[in-house]
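*Asks:* My questions will all concern the structure given below.
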Amino acid sequence: MRRIHFALSPALALLALAGFLPVAHAAQSLPEDANLNVAEVTKAALARNPGGERFEAQRAYADALGKRAGIPLDGPPSLGFSHQTDAIASDTGMREWETSIELPLRRPGLQAAAKRQAENQLASVEQQSAAWRLEIAGTVRDLLARLAEADEHVSLARQALDTAERLQAQVQKRLDHGDVPRTDLILAREETLQRQAELRQAELALAQVAEEYRQLTGLRARPANWAESPASEATLEQHPALLAARADVQAAETDRAVVRERGRSQPTVGMNIRREENGRDAIDSVGISLSLPIQLQSLRAPEQGRANVNLAEARSTAHLTERQIRLAVAQAEEALAAARVELEQARAHRDLADESLALARRGYSLGEFGLTDLLRVQTRQLTAQRRAAMSRVRLQRSIAEYNQAKGVMP
């Protein structure tokens, strides 16, 4: 699956990080909407994707095949007219006029095969369309997950900046009272500047993903809740991609059947009206004709061979698709189980880091803990907090990817 990512130019990115562009405003321009869900976002993305036009054209083609299959003619009728005279030769008064019509007919076997071909072609188009919609849904799911991850990074960066600013203010007060050396204030300011840069970088990343979301869906808001529940009722046999691959096999089989039926001689029935004059009398007659082309295997072999190749390719694709789906589902199940365990561990680690930070802050306020040690503990707590937040988002992403692997639409 191709994914198109929109990014700001390097110059704009530098300006944003330097504070000359309102990155935060760009990120905030994509508010959450409680009335919006993932299904509606997917519908919006489908409406803006030009890929759906090819299915309309393919449906029209299948309809045309169906209409043609309902006609017993194998080709257009032909009208003929001929006139023969001996005026420029012996000139005995011989004149002859003939009008004819020829109808190329289809054998019942070819007509039945053509009807099945049209039906399977339409079924293939519908299944391919369903698989395409699932593919777009996967793009939307991935984009919403990246939005949530970018939003968490911004939220955590703001919390880290707020913590750094409060610590700097605390150090400034203690410096004013002569309780700490000036080097502590320098360290605190460096911490604040670093957190400011991290916040701007996180806001920039969020703005880029938000713009990608707007370009893909045309929406100016995102769902407040994009989390899904694992789909347990879906089976492999219901997967749109597998159904599409199997429909292609059936379509290729009927295409080959049509080629085989065409290998049998299709009759052409004709009728003619003739008038003959010999200078004295005129004779009017009506005739019928039946012609059967002689089919040579050497002439039909390339077309039959191409039909066999197409069928073999369709069967191979179907087997490969089924294997890929089974693998994707198994991997998604393992990733989902691992994400649940990771979230539990990350939350336990965060709780311990919170407790360690509280003790370190108390020790620093009492003069029992140096600022360098406090910043180290604070950094570990920030890392643990970020891991817990990202683990929660990854669990939601894993559920969405599990549903995607099983072929479930939002």
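Naming scheme: A, B, ... for chains in displayed order of the structure tokens; residues 1 onward per chain; ligands 1 onward as shown.
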Can you check which residues of stretch 23-211 of chain A DSSP gives as helix (DSSP H, G or I) on the backbone and send them as a count of residues only?

*Replies:* 136

*Asks:* Mind checking which residues fall within 12 Å of A:Gly279, counting only C-alpha atoms, ignoring those fewer than 4 positions away in the same chain, and posting them as number ranges by chain?

*Replies:* A: 85-87, 91-96, 283

*Asks:* Restricted to N, CA and C atoms, what would the selected residues look like written as a CSV table (one decimal), in the first residue's frame?

*Replies:*
```
chain,number,residue,atom,x,y,z
A,85,THR,N,-23.8,-7.7,-65.3
A,85,THR,CA,-24.4,-7.4,-66.6
A,85,THR,C,-23.3,-7.8,-67.7
A,86,ASP,N,-23.8,-8.1,-68.9
A,86,ASP,CA,-22.8,-8.4,-70.0
A,86,ASP,C,-22.8,-7.3,-71.0
A,87,ALA,N,-23.3,-6.1,-70.5
A,87,ALA,CA,-23.4,-4.9,-71.5
A,87,ALA,C,-22.1,-4.6,-72.1
A,91,ASP,N,-23.2,-8.5,-74.6
A,91,ASP,CA,-24.4,-7.7,-74.7
A,91,ASP,C,-25.6,-8.4,-75.3
A,92,THR,N,-25.9,-9.5,-74.6
A,92,THR,CA,-27.0,-10.3,-75.0
A,92,THR,C,-28.3,-10.0,-74.1
A,93,GLY,N,-28.1,-9.0,-73.3
A,93,GLY,CA,-29.3,-8.6,-72.4
A,93,GLY,C,-29.3,-9.2,-71.1
A,94,MET,N,-28.2,-10.0,-70.7
A,94,MET,CA,-28.2,-10.6,-69.4
A,94,MET,C,-28.0,-9.6,-68.3
A,95,ARG,N,-28.9,-9.6,-67.3
A,95,ARG,CA,-28.8,-8.7,-66.2
A,95,ARG,C,-29.1,-9.5,-64.9
A,96,GLU,N,-28.4,-9.2,-63.8
A,96,GLU,CA,-28.6,-9.9,-62.6
A,96,GLU,C,-28.4,-9.0,-61.4
A,283,ILE,N,-36.4,-13.8,-64.0
A,283,ILE,CA,-36.6,-14.8,-63.0
A,283,ILE,C,-36.2,-14.3,-61.6
```

*Asks:* As number ranges by chain, which residues of stretch 164-401 of chain A does DSSP assign to strand (DSSP E or B)?

*Replies:* A: 222-223, 268-278, 282-291

*Asks:* Create the file for the chosen residues now, containing C-alpha atoms and written as a PDB file, in the first residue's frame.

*Replies:*
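Writing the result to again.pdb gives the following:
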```
ATOM      1  CA  ARG A 222     -10.983  14.569  13.442  1.00  0.00           C
ATOM      2  CA  PRO A 223     -12.847  11.992  15.544  1.00  0.00           C
ATOM      3  CA  THR A 268     -23.457 -17.684 -40.233  1.00  0.00           C
ATOM      4  CA  VAL A 269     -26.943 -17.777 -41.739  1.00  0.00           C
ATOM      5  CA  GLY A 270     -27.694 -15.794 -44.897  1.00  0.00           C
ATOM      6  CA  MET A 271     -30.663 -14.996 -47.079  1.00  0.00           C
ATOM      7  CA  ASN A 272     -30.613 -13.496 -50.537  1.00  0.00           C
ATOM      8  CA  ILE A 273     -33.083 -12.247 -53.155  1.00  0.00           C
ATOM      9  CA  ARG A 274     -31.982 -12.520 -56.772  1.00  0.00           C
ATOM     10  CA  ARG A 275     -33.439 -11.225 -60.024  1.00  0.00           C
ATOM     11  CA  GLU A 276     -32.099 -12.491 -63.342  1.00  0.00           C
ATOM     12  CA  GLU A 277     -32.952 -11.178 -66.837  1.00  0.00           C
ATOM     13  CA  ASN A 278     -31.764 -12.630 -70.143  1.00  0.00           C
ATOM     14  CA  ALA A 282     -37.033 -12.333 -65.777  1.00  0.00           C
ATOM     15  CA  ILE A 283     -36.567 -14.844 -62.980  1.00  0.00           C
ATOM     16  CA  ASP A 284     -36.944 -13.909 -59.273  1.00  0.00           C
ATOM     17  CA  SER A 285     -35.552 -16.269 -56.622  1.00  0.00           C
ATOM     18  CA  VAL A 286     -34.917 -16.429 -52.910  1.00  0.00           C
ATOM     19  CA  GLY A 287     -32.078 -18.368 -51.342  1.00  0.00           C
ATOM     20  CA  ILE A 288     -30.654 -19.183 -47.940  1.00  0.00           C
ATOM     21  CA  SER A 289     -27.105 -20.033 -46.983  1.00  0.00           C
ATOM     22  CA  LEU A 290     -25.260 -21.539 -44.024  1.00  0.00           C
ATOM     23  CA  SER A 291     -21.537 -21.254 -43.554  1.00  0.00           C
TER      24      SER A 291
END
```

*Asks:* By how many Å are atom CA of A:Ser124 and atom CA of A:Asp255 apart?

*Replies:*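 Separating atom CA of A:Ser124 from atom CA of A:Asp255 is a distance of 12.4 Å.
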
*Asks:* I want to know what sits within 9 Å of stretch 49-56 of chain A, based on only C-alpha atoms, with residues of the same chain fewer than 6 positions away left out; could you give that as a list in words?

*Replies:*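 The residues that qualify are Val125, Glu126, Gln128, Ser129, Trp132, Arg133, Ile136, Leu216 and Thr217 of chain A.
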
*Asks:* With distances taken over only C-alpha atoms, which of A:Arg220, A:Arg116, A:Arg280, A:Arg146 is nearest to A:Asp33?

*Replies:*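 Result for the nearest residue to A:Asp33: A:Arg220.
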
*Asks:* Pick the closest to A:Leu374 from A:Ala247, A:Ala39, A:Leu167, A:Leu242: which is it, counting only C-alpha atoms?

*Replies:* A:Leu167

*Asks:* As an exercise, work out the distance from atom CA of A:Ala358 to atom CA of A:Glu152 in Å and give it to one decimal place.

*Replies:* 22.8 Å

*Asks:* Fewer than 5 positions away in the same chain doesn't count, so skip those; otherwise give me all residues within 9 Å of A:Ala307, counting only C-alpha atoms, as a VMD selection string.

*Replies:* chain A and resid 252 to 253 255 to 257 259 302 312

*Asks:* Residues of the last selection are to be written out with N, CA, C and O atoms, as a PDB file, in the first residue's frame.

*Replies:*
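Final file, again02.pdb:
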```
ATOM      1  N   ALA A 252     -11.506 -15.297 -14.775  1.00  0.00           N
ATOM      2  CA  ALA A 252     -10.540 -15.858 -15.712  1.00  0.00           C
ATOM      3  C   ALA A 252     -11.014 -17.204 -16.246  1.00  0.00           C
ATOM      4  O   ALA A 252     -10.773 -17.534 -17.425  1.00  0.00           O
ATOM      5  N   GLU A 253     -11.690 -17.987 -15.408  1.00  0.00           N
ATOM      6  CA  GLU A 253     -12.223 -19.271 -15.866  1.00  0.00           C
ATOM      7  C   GLU A 253     -13.288 -19.082 -16.938  1.00  0.00           C
ATOM      8  O   GLU A 253     -13.308 -19.806 -17.953  1.00  0.00           O
ATOM      9  N   ASP A 255     -13.588 -16.468 -18.866  1.00  0.00           N
ATOM     10  CA  ASP A 255     -12.914 -15.938 -20.060  1.00  0.00           C
ATOM     11  C   ASP A 255     -12.338 -17.082 -20.896  1.00  0.00           C
ATOM     12  O   ASP A 255     -12.439 -17.083 -22.134  1.00  0.00           O
ATOM     13  N   ARG A 256     -11.737 -18.045 -20.216  1.00  0.00           N
ATOM     14  CA  ARG A 256     -11.194 -19.192 -20.943  1.00  0.00           C
ATOM     15  C   ARG A 256     -12.301 -20.018 -21.584  1.00  0.00           C
ATOM     16  O   ARG A 256     -12.146 -20.539 -22.704  1.00  0.00           O
ATOM     17  N   ALA A 257     -13.438 -20.127 -20.874  1.00  0.00           N
ATOM     18  CA  ALA A 257     -14.563 -20.872 -21.446  1.00  0.00           C
ATOM     19  C   ALA A 257     -15.075 -20.207 -22.720  1.00  0.00           C
ATOM     20  O   ALA A 257     -15.426 -20.885 -23.689  1.00  0.00           O
ATOM     21  N   VAL A 259     -13.270 -18.395 -24.765  1.00  0.00           N
ATOM     22  CA  VAL A 259     -12.272 -18.652 -25.812  1.00  0.00           C
ATOM     23  C   VAL A 259     -12.446 -20.059 -26.375  1.00  0.00           C
ATOM     24  O   VAL A 259     -12.357 -20.288 -27.592  1.00  0.00           O
ATOM     25  N   PRO A 302      -2.710 -19.321 -29.834  1.00  0.00           N
ATOM     26  CA  PRO A 302      -2.244 -18.176 -29.029  1.00  0.00           C
ATOM     27  C   PRO A 302      -3.316 -17.598 -28.119  1.00  0.00           C
ATOM     28  O   PRO A 302      -3.043 -17.278 -26.949  1.00  0.00           O
ATOM     29  N   ALA A 312      -3.947 -19.025 -14.819  1.00  0.00           N
ATOM     30  CA  ALA A 312      -2.871 -19.462 -13.915  1.00  0.00           C
ATOM     31  C   ALA A 312      -2.405 -18.317 -13.026  1.00  0.00           C
ATOM     32  O   ALA A 312      -2.159 -18.502 -11.823  1.00  0.00           O
TER      33      ALA A 312
END
```

*Asks:* Check the smallest atom-to-atom distance from each of A:Ala150, A:Thr235, A:Glu313, A:Gln159 to A:Gln208 using only C-alpha atoms, then report the winner.

*Replies:*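 So, comparing all the options, the nearest one is A:Ala150.
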
*Asks:* Quick one, how far is atom CA of A:Ser100 from atom CA of A:Gly80?

*Replies:*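 Atom CA of A:Gly80 lies at a distance of 4.9 Å from atom CA of A:Ser100.
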